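Trainee: data.txt is the file, holding compact mmCIF, C-alpha atoms:
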```txt
# COMPACT_ATOMS: atom_id res chain seq x y z
CA MET A 2 34.32 -27.07 56.48
CA ASN A 3 32.86 -24.61 59.00
CA LEU A 4 29.79 -24.39 56.79
CA VAL A 5 29.38 -28.16 57.06
CA PHE A 6 29.30 -27.89 60.86
CA LEU A 7 26.87 -24.98 60.66
CA LEU A 8 24.56 -27.08 58.46
CA PHE A 9 24.81 -30.08 60.79
CA GLY A 10 23.99 -27.76 63.70
CA ALA A 11 20.97 -26.36 61.86
CA ALA A 12 19.73 -29.89 61.09
CA PHE A 13 20.22 -30.84 64.74
CA GLY A 14 18.28 -27.76 65.90
CA PHE A 15 15.47 -28.47 63.45
CA LEU A 16 15.22 -32.10 64.56
CA MET A 17 15.22 -31.16 68.26
CA SER A 18 12.35 -28.80 67.48
CA ARG A 19 10.41 -31.55 65.67
CA ALA A 20 11.24 -34.03 68.46
CA GLY A 21 9.66 -31.83 71.12
CA ALA A 22 13.03 -31.33 72.81
CA THR A 23 12.38 -27.58 72.67
CA GLY A 24 9.02 -27.87 74.45
CA TYR A 25 9.21 -27.27 78.20
CA ASP A 26 6.13 -29.40 78.87
CA PHE A 27 7.79 -32.48 77.37
CA TYR A 28 10.54 -32.31 80.02
CA ALA A 29 8.06 -32.03 82.90
CA GLY A 30 6.01 -34.77 81.22
CA LEU A 31 9.04 -37.04 81.08
CA PHE A 32 10.07 -36.63 84.73
CA LEU A 33 6.47 -36.82 85.97
CA PHE A 34 5.95 -39.93 83.79
CA ARG A 35 2.97 -38.31 82.09
CA ASP A 36 4.30 -38.07 78.53
CA LEU A 37 7.25 -40.19 77.45
CA GLN A 38 7.83 -38.47 74.07
CA LEU A 39 11.42 -37.53 74.90
CA LEU A 40 12.18 -41.01 76.21
CA TRP A 41 11.15 -42.47 72.83
CA VAL A 42 13.27 -39.87 71.07
CA ILE A 43 16.33 -40.88 73.12
CA ALA A 44 15.61 -44.61 72.83
CA ALA A 45 15.23 -44.45 69.04
CA ALA A 46 18.28 -42.18 68.62
CA VAL A 47 20.46 -44.51 70.69
CA THR A 48 19.18 -47.61 68.87
CA VAL A 49 20.05 -46.09 65.49
CA GLY A 50 23.32 -44.81 66.98
CA ILE A 51 24.40 -48.23 68.27
CA LEU A 52 23.56 -49.92 64.95
CA GLY A 53 25.08 -47.14 62.84
CA LEU A 54 28.35 -46.93 64.76
CA ALA A 55 28.63 -50.74 64.89
CA TRP A 56 28.18 -50.82 61.11
CA LEU A 57 30.88 -48.16 60.63
CA ARG A 58 33.28 -49.98 62.94
CA LEU A 59 32.75 -53.46 61.54
CA ARG A 60 33.36 -52.65 57.89
CA ARG A 61 36.32 -54.54 56.57
CA ARG A 62 38.32 -51.56 55.45
CA ARG A 63 39.32 -49.11 58.16
CA PRO A 64 36.57 -46.49 57.93
CA LEU A 65 37.67 -43.02 56.84
CA SER A 66 35.99 -39.72 57.41
CA VAL A 67 34.24 -38.74 54.18
CA LEU A 68 35.43 -35.14 54.21
CA SER A 69 38.86 -35.23 55.86
CA LEU A 70 39.88 -38.80 54.88
CA GLU A 71 41.37 -39.46 58.33
CA PRO A 72 40.62 -42.75 60.09
CA LEU A 73 37.44 -42.46 62.15
CA GLU A 74 37.93 -42.16 65.90
CA PHE A 75 35.53 -43.89 68.22
CA GLN A 76 37.06 -42.67 71.46
CA PRO A 77 34.76 -43.11 74.44
CA ARG A 78 34.61 -40.31 77.01
CA PRO A 79 36.80 -41.24 80.02
CA TYR A 80 35.60 -41.53 83.60
CA ARG A 81 36.59 -38.52 85.63
CA ARG A 82 36.50 -37.75 89.32
CA GLY A 83 33.32 -35.97 90.27
CA LEU A 84 31.32 -37.52 87.44
CA VAL A 85 28.61 -38.80 89.81
CA ILE A 86 28.06 -35.44 91.54
CA GLY A 87 28.41 -33.55 88.26
CA ALA A 88 25.89 -35.75 86.47
CA LEU A 89 23.37 -35.33 89.30
CA LEU A 90 23.85 -31.54 89.26
CA PHE A 91 23.43 -31.52 85.49
CA GLY A 92 20.25 -33.58 85.80
CA ALA A 93 18.81 -31.19 88.37
CA GLY A 94 19.41 -28.25 86.03
CA TRP A 95 17.99 -30.26 83.12
CA GLY A 96 14.70 -30.91 84.93
CA LEU A 97 14.47 -27.48 86.56
CA SER A 98 14.98 -25.53 83.34
CA GLY A 99 13.07 -27.87 81.02
CA SER A 100 15.93 -27.73 78.52
CA CYS A 101 19.46 -28.98 77.89
CA PRO A 102 22.60 -27.26 76.53
CA GLY A 103 21.67 -28.24 72.97
CA SER A 104 17.94 -27.63 73.01
CA VAL A 105 18.25 -24.27 74.77
CA LEU A 106 20.00 -22.91 71.65
CA ALA A 107 17.18 -24.19 69.42
CA MET A 108 14.65 -22.61 71.81
CA ILE A 109 16.34 -19.24 71.33
CA GLY A 110 15.93 -19.67 67.57
CA GLU A 111 12.26 -20.43 68.14
CA GLY A 112 11.83 -17.17 70.05
CA LYS A 113 11.55 -18.62 73.56
CA LEU A 114 12.95 -15.72 75.55
CA LEU A 115 13.36 -17.61 78.82
CA ALA A 116 16.00 -19.77 77.14
CA LEU A 117 18.30 -16.71 77.31
CA PRO A 118 18.86 -16.71 81.11
CA THR A 119 19.32 -20.50 80.96
CA MET A 120 21.96 -20.13 78.24
CA GLY A 121 23.67 -17.36 80.22
CA GLY A 122 23.70 -19.68 83.23
CA ILE A 123 25.33 -22.49 81.24
CA VAL A 124 28.09 -20.13 80.09
CA LEU A 125 28.55 -18.97 83.69
CA GLY A 126 28.63 -22.55 85.02
CA THR A 127 31.20 -23.54 82.40
CA TYR A 128 33.26 -20.46 83.29
CA LEU A 129 33.14 -21.15 87.03
CA PHE A 130 34.20 -24.75 86.42
CA GLY A 131 37.10 -23.65 84.21
CA LEU A 132 38.44 -21.27 86.86
CA TRP A 133 37.89 -23.82 89.64
CA GLU A 134 39.66 -26.59 87.76
CA HIS A 135 42.53 -24.26 86.90
CA ARG A 136 42.93 -23.32 90.57
CA ARG A 137 43.01 -26.97 91.54
CA ALA A 138 45.59 -27.80 88.87
CA VAL A 139 47.78 -24.82 89.72
CA PRO A 140 47.55 -24.10 93.46
CA PRO A 141 48.39 -20.55 94.52
CA GLY A 142 51.80 -19.91 96.06
CA PRO A 143 55.42 -20.03 94.91
CA GLY A 144 55.92 -21.63 91.55
CA ARG A 145 52.47 -20.64 90.34
CA THR A 146 53.72 -18.26 87.70
CA GLU A 147 56.13 -20.85 86.29
CA ALA A 148 53.44 -23.52 86.27
CA LEU A 149 51.10 -21.15 84.48
CA ALA A 150 53.75 -20.28 81.92
CA SER A 151 54.57 -23.94 81.22
CA SER A 152 50.91 -24.80 80.81
CA GLN A 153 50.49 -22.22 78.05
CA MET B 5 1.61 -19.58 71.76
CA ILE B 6 3.80 -21.54 69.38
CA ASP B 7 2.03 -24.49 67.73
CA LEU B 8 4.95 -26.51 66.48
CA VAL B 9 4.77 -29.63 64.36
CA ILE B 10 5.91 -32.51 66.58
CA TRP B 11 6.92 -35.79 64.99
CA PRO B 12 6.33 -39.12 66.75
CA GLY B 13 9.19 -39.70 69.19
CA TRP B 14 10.57 -42.73 67.35
CA LEU B 15 10.74 -40.86 64.05
CA ALA B 16 12.53 -37.82 65.45
CA GLY B 17 14.82 -40.14 67.41
CA ILE B 18 15.78 -42.13 64.32
CA ALA B 19 16.61 -38.87 62.53
CA ILE B 20 18.73 -37.60 65.45
CA GLY B 21 20.56 -40.93 65.70
CA ALA B 22 21.23 -40.84 61.96
CA LEU B 23 22.51 -37.26 62.27
CA MET B 24 24.98 -38.32 64.98
CA VAL B 25 26.25 -41.21 62.83
CA GLY B 26 26.39 -38.93 59.77
CA LEU B 27 28.37 -36.26 61.64
CA LEU B 28 30.96 -38.81 62.78
CA TRP B 29 31.16 -40.45 59.38
CA THR B 30 31.58 -37.27 57.36
CA THR B 31 33.62 -35.10 59.73
CA ASN B 32 35.08 -37.46 62.37
CA ARG B 33 33.49 -35.45 65.20
CA GLN B 34 31.35 -36.84 68.00
CA LEU B 35 28.04 -35.07 68.45
CA GLY B 36 28.12 -32.97 71.62
CA VAL B 37 27.18 -29.43 72.55
CA SER B 38 28.25 -28.50 76.08
CA THR B 39 31.98 -27.98 75.38
CA ALA B 40 31.02 -25.20 72.95
CA TYR B 41 30.04 -23.07 75.95
CA GLY B 42 33.75 -22.66 76.68
CA GLY B 43 33.89 -20.38 73.59
CA PRO B 44 32.19 -17.31 75.06
CA CYS B 45 34.13 -17.90 78.32
CA ARG B 46 37.27 -16.72 76.50
CA LEU B 47 35.84 -13.23 76.45
CA LEU B 48 35.43 -13.13 80.24
CA PRO B 49 38.18 -12.08 82.70
CA ARG B 50 41.00 -14.69 82.93
CA GLY B 51 39.50 -16.31 79.87
CA GLU B 52 42.93 -17.58 78.77
CA VAL B 53 42.08 -20.75 80.75
CA PHE B 54 39.65 -21.52 77.94
CA ARG B 55 42.24 -21.46 75.16
CA HIS B 56 43.78 -24.80 76.06
CA GLY B 57 42.95 -28.45 76.50
CA ALA B 58 39.33 -29.42 75.95
CA PHE B 59 38.47 -25.85 74.93
CA GLY B 60 41.39 -25.32 72.56
CA ARG B 61 41.56 -24.74 68.81
CA SER B 62 40.48 -28.28 67.97
CA ASN B 63 37.05 -27.34 69.25
CA HIS B 64 36.33 -24.44 66.86
CA TRP B 65 33.98 -26.74 64.98
CA ARG B 66 31.76 -26.82 68.07
CA LEU B 67 31.15 -23.09 67.88
CA TRP B 68 30.04 -23.36 64.26
CA PHE B 69 27.85 -26.33 65.14
CA ALA B 70 26.33 -24.43 68.10
CA LEU B 71 25.70 -21.38 65.87
CA GLY B 72 23.70 -23.56 63.49
CA ILE B 73 21.32 -24.85 66.18
CA PRO B 74 19.23 -21.65 66.62
CA VAL B 75 18.91 -21.43 62.82
CA GLY B 76 17.42 -24.94 62.89
CA GLY B 77 15.10 -23.95 65.74
CA ALA B 78 13.83 -20.97 63.74
CA LEU B 79 13.33 -23.21 60.69
CA GLY B 80 11.31 -25.56 62.91
CA VAL B 81 8.88 -22.71 63.64
CA ILE B 82 8.77 -21.24 60.12
CA SER B 83 8.03 -24.66 58.58
CA SER B 84 5.17 -25.37 61.01
CA PRO B 85 1.93 -24.31 59.25
CA GLU B 86 0.10 -23.48 62.50
CA ALA B 87 2.98 -21.53 64.02
CA SER B 88 4.28 -18.03 63.50
CA TRP B 89 7.65 -16.81 64.74
CA GLU B 90 7.14 -14.47 67.65
CA PRO B 91 9.09 -14.03 70.88
CA THR B 92 7.38 -15.49 73.93
CA ALA B 93 8.16 -15.58 77.65
CA SER B 94 5.91 -18.59 78.24
CA MET B 95 7.31 -21.82 79.70
CA GLY B 96 4.26 -23.91 78.86
CA THR B 97 1.37 -24.83 81.14
CA LEU B 98 3.21 -27.24 83.45
CA TYR B 99 6.24 -25.09 84.36
CA ASP B 100 4.31 -21.81 84.39
CA ALA B 101 2.07 -23.29 87.12
CA VAL B 102 4.98 -23.95 89.50
CA MET B 103 7.64 -21.35 88.57
CA PRO B 104 7.71 -17.92 90.23
CA GLU B 105 5.30 -15.55 88.47
CA SER B 106 7.65 -12.57 88.53
CA LEU B 107 9.68 -12.58 85.32
CA PRO B 108 13.00 -11.47 86.88
CA LEU B 109 12.67 -14.15 89.57
CA LYS B 110 11.88 -16.78 86.94
CA GLY B 111 14.91 -15.66 84.98
CA MET B 112 17.08 -16.05 88.07
CA VAL B 113 15.80 -19.59 88.74
CA LEU B 114 16.52 -20.50 85.11
CA MET B 115 19.95 -18.94 85.26
CA ALA B 116 20.73 -20.99 88.38
CA ALA B 117 19.50 -24.11 86.58
CA GLY B 118 21.82 -23.17 83.71
CA VAL B 119 24.78 -22.84 86.09
CA LEU B 120 24.01 -26.35 87.40
CA MET B 121 24.00 -27.67 83.83
CA GLY B 122 27.17 -25.85 82.76
CA PHE B 123 29.14 -26.82 85.86
CA GLY B 124 27.67 -30.33 86.02
CA ALA B 125 28.32 -31.06 82.34
CA ARG B 126 32.01 -30.17 82.74
CA MET B 127 32.32 -32.29 85.89
CA ALA B 128 30.64 -35.21 84.12
CA GLY B 129 32.48 -34.70 80.81
CA GLY B 130 29.45 -34.11 78.61
CA CYS B 131 25.74 -33.38 78.38
CA THR B 132 22.64 -35.04 76.96
CA SER B 133 23.96 -35.12 73.40
CA GLY B 134 27.57 -36.03 74.20
CA HIS B 135 27.02 -38.64 76.89
CA VAL B 136 23.55 -39.97 76.13
CA ILE B 137 23.33 -39.87 72.32
CA SER B 138 27.02 -40.27 71.33
CA GLY B 139 28.38 -42.04 74.42
CA VAL B 140 25.67 -44.62 74.89
CA SER B 141 25.75 -45.32 71.14
CA LEU B 142 29.45 -46.18 71.59
CA LEU B 143 28.32 -48.55 74.38
CA ASN B 144 30.58 -46.66 76.79
CA PRO B 145 29.74 -47.68 80.40
CA VAL B 146 30.88 -44.25 81.66
CA SER B 147 28.31 -42.52 79.44
CA LEU B 148 25.62 -44.99 80.44
CA LEU B 149 26.32 -44.17 84.11
CA ALA B 150 26.31 -40.42 83.40
CA GLY B 151 23.06 -40.70 81.43
CA GLY B 152 21.39 -42.67 84.22
CA LEU B 153 22.48 -40.09 86.79
CA PHE B 154 21.29 -37.20 84.56
CA PHE B 155 17.92 -38.87 84.67
CA VAL B 156 18.00 -39.38 88.45
CA GLY B 157 18.90 -35.70 88.95
CA GLY B 158 16.12 -34.55 86.63
CA LEU B 159 13.61 -36.84 88.29
CA LEU B 160 14.47 -35.54 91.78
CA ALA B 161 14.37 -31.89 90.70
CA VAL B 162 11.06 -32.13 88.82
CA GLN B 163 9.33 -34.27 91.44
CA LEU B 164 10.36 -31.74 94.12
CA LEU B 165 9.38 -28.79 91.92
CA PHE B 166 5.91 -30.18 91.28
CA LEU B 167 5.37 -31.46 94.84
CA GLY B 168 2.25 -29.73 96.01
CA GLY B 169 2.05 -27.33 93.04
CA GLY B 170 1.15 -28.10 89.44
CA GLN B 171 -1.94 -29.72 88.03
```
Output the file's structure in the form of structure tokens.
Mentor:
Amino acid sequence: MNLVFLLFGAAFGFLMSRAGATGYDFYAGLFLFRDLQLLWVIAAAVTVGILGLAWLRLRRRRPLSVLSLEPLEFQPRPYRRGLVIGALLFGAGWGLSGSCPGSVLAMIGEGKLLALPTMGGIVLGTYLFGLWEHRRAVPPGPGRTEALASSQ
Amino acid sequence: MIDLVIWPGWLAGIAIGALMVGLLWTTNRQLGVSTAYGGPCRLLPRGEVFRHGAFGRSNHWRLWFALGIPVGGALGVISSPEASWEPTASMGTLYDAVMPESLPLKGMVLMAAGVLMGFGARMAGGCTSGHVISGVSLLNPVSLLAGGLFFVGGLLAVQLLFLGGGQ
């Protein structure tokens, strides 16, 4: 099963490379409205996605996953507090770095060395968020140790 | 300089959309990358925070998926007739014109941009692939909002970055 995910990842990396999603200039081109390549990539992907998922959902029999035979889940991501600020911060990093969390990994495979500090930054940002969220969920003070233990 | 084969946007987009549908259909997993970055966080101090919830065992598939992506990137270069695989520190003509020339400084700017993406993606609950490709395809209004705001953030950052500088 892990091999299946590895293969899907490789196909995704290859397609991002072919799409231009690993080319820094395409990001600047998009946000300067000079070259809309990546906009067409997203528009086409979402069009196929909407049609494909609608087809899966509307089939008469409850659709099953081909490999695990469990019913397919179409759970949408929930709204969370801070989404607006978070999405704006993400966008700023997206434009500034000329890459996204997926494409930066493909860039590393292509030999683009400056994708390495970006990737390190994403790990660090994820780490800082994890610690911050944990602090918020479990405020310091009496009872902290018990709360930590029960959350394990 | 890497001279990669680039497909027309619509063609690459169709293939990426099909890959997302295929991944869900075969494995019951929604395409998304940013949560995988919780994996290496386990190795950092107090990393036990990253063994539960969204980062728990059910997300091991994401690490395998993320490991495959660089392999695909390398294949993209190797299969391009005009390109040869060689490491490069170039960011392309547009960014190189406005980014700091010193390599360590450039690296620091990119690392800061990465922190914004890592932190922002967790606050928003996903990144370009999870919210925009998977979420919008599910017609989820939350993902549509997140995707729109990603774009606003990128627009502001790039317009500011290229204000004055650039060609």
Trainee: Around the point (16.3, -26.4, 65.6) in the file's coordinates, collect all residues with an atom within 9 Å, using all atoms listed in the file, and return them as an mmCIF file with C-alpha atoms, in the frame of the given file.
Mentor:
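Result written to result.cif:
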```cif
data_model
loop_
_atom_site.group_PDB
_atom_site.id
_atom_site.type_symbol
_atom_site.label_atom_id
_atom_site.label_comp_id
_atom_site.auth_asym_id
_atom_site.auth_seq_id
_atom_site.Cartn_x
_atom_site.Cartn_y
_atom_site.Cartn_z
ATOM 1 C CA GLY A 10 23.990 -27.760 63.700
ATOM 2 C CA ALA A 11 20.970 -26.360 61.860
ATOM 3 C CA ALA A 12 19.730 -29.890 61.090
ATOM 4 C CA PHE A 13 20.220 -30.840 64.740
ATOM 5 C CA GLY A 14 18.280 -27.760 65.900
ATOM 6 C CA PHE A 15 15.470 -28.470 63.450
ATOM 7 C CA LEU A 16 15.220 -32.100 64.560
ATOM 8 C CA MET A 17 15.220 -31.160 68.260
ATOM 9 C CA SER A 18 12.350 -28.800 67.480
ATOM 10 C CA ARG A 19 10.410 -31.550 65.670
ATOM 11 C CA THR A 23 12.380 -27.580 72.670
ATOM 12 C CA SER A 104 17.940 -27.630 73.010
ATOM 13 C CA LEU A 106 20.000 -22.910 71.650
ATOM 14 C CA ALA A 107 17.180 -24.190 69.420
ATOM 15 C CA MET A 108 14.650 -22.610 71.810
ATOM 16 C CA GLY A 110 15.930 -19.670 67.570
ATOM 17 C CA GLU A 111 12.260 -20.430 68.140
ATOM 18 C CA GLY B 72 23.700 -23.560 63.490
ATOM 19 C CA ILE B 73 21.320 -24.850 66.180
ATOM 20 C CA PRO B 74 19.230 -21.650 66.620
ATOM 21 C CA VAL B 75 18.910 -21.430 62.820
ATOM 22 C CA GLY B 76 17.420 -24.940 62.890
ATOM 23 C CA GLY B 77 15.100 -23.950 65.740
ATOM 24 C CA ALA B 78 13.830 -20.970 63.740
ATOM 25 C CA LEU B 79 13.330 -23.210 60.690
ATOM 26 C CA GLY B 80 11.310 -25.560 62.910
ATOM 27 C CA VAL B 81 8.880 -22.710 63.640
#
```
Trainee: For a test of reading the model, state the distance in Å between atom CA of B:Tyr41 and atom CA of B:Cys131, rounded to one decimal.
Mentor: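 Calculated distance between atom CA of B:Tyr41 and atom CA of B:Cys131 is 11.4 Å.
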Trainee: Please determine, counting only C-alpha atoms, which residue among A:Gly122, A:Gly21, A:Gly131, A:Gly96 has the shortest atom-to-atom distance to B:Phe59.
Mentor: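 Of A:Gly122, A:Gly21, A:Gly131, A:Gly96, the one nearest B:Phe59, counting only C-alpha atoms, is A:Gly131.
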Trainee: So how far away is atom CA of B:Ser84 from atom CA of B:Val9, in Å?
Mentor: 5.4 Å
Trainee: Of the candidates B:Pro108, B:Leu160, B:Gly124, B:Ala101, which shows the shortest atom-to-atom distance to chain A, using only C-alpha atoms?
Mentor: B:Gly124
Trainee: Please list as a list in words every residue within 10 Å of B:Leu15, counting only C-alpha atoms and excluding residues in the same chain fewer than 2 positions away.
Mentor: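 Those residues are Leu16, Arg19, Ala20, Trp41, Val42, Ala45 and Ala46 of chain A; Ile10, Trp11, Pro12, Gly13, Gly17, Ile18, Ala19, Ile20 and Gly21 of chain B.
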Trainee: Report as a PyMOL selection string all protein, DNA and RNA residues lying within 10 Å of A:Gln76, evaluated on all atoms listed in the file, omitting residues in the same chain fewer than 2 positions from it.
Mentor: (chain A and resi 73-74+78-79) or (chain B and resi 34+139+142+144)
Trainee: With C-alpha atoms retained, export the selected residues as a PDB file, in the frame of the given file.
Mentor:
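The result, written out as again-v5.pdb:
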```pdb
ATOM      1  CA  LEU A  73      37.440 -42.460  62.150  1.00  0.00           C
ATOM      2  CA  GLU A  74      37.930 -42.160  65.900  1.00  0.00           C
ATOM      3  CA  ARG A  78      34.610 -40.310  77.010  1.00  0.00           C
ATOM      4  CA  PRO A  79      36.800 -41.240  80.020  1.00  0.00           C
TER       5      PRO A  79
ATOM      6  CA  GLN B  34      31.350 -36.840  68.000  1.00  0.00           C
ATOM      7  CA  GLY B 139      28.380 -42.040  74.420  1.00  0.00           C
ATOM      8  CA  LEU B 142      29.450 -46.180  71.590  1.00  0.00           C
ATOM      9  CA  ASN B 144      30.580 -46.660  76.790  1.00  0.00           C
TER      10      ASN B 144
END
```
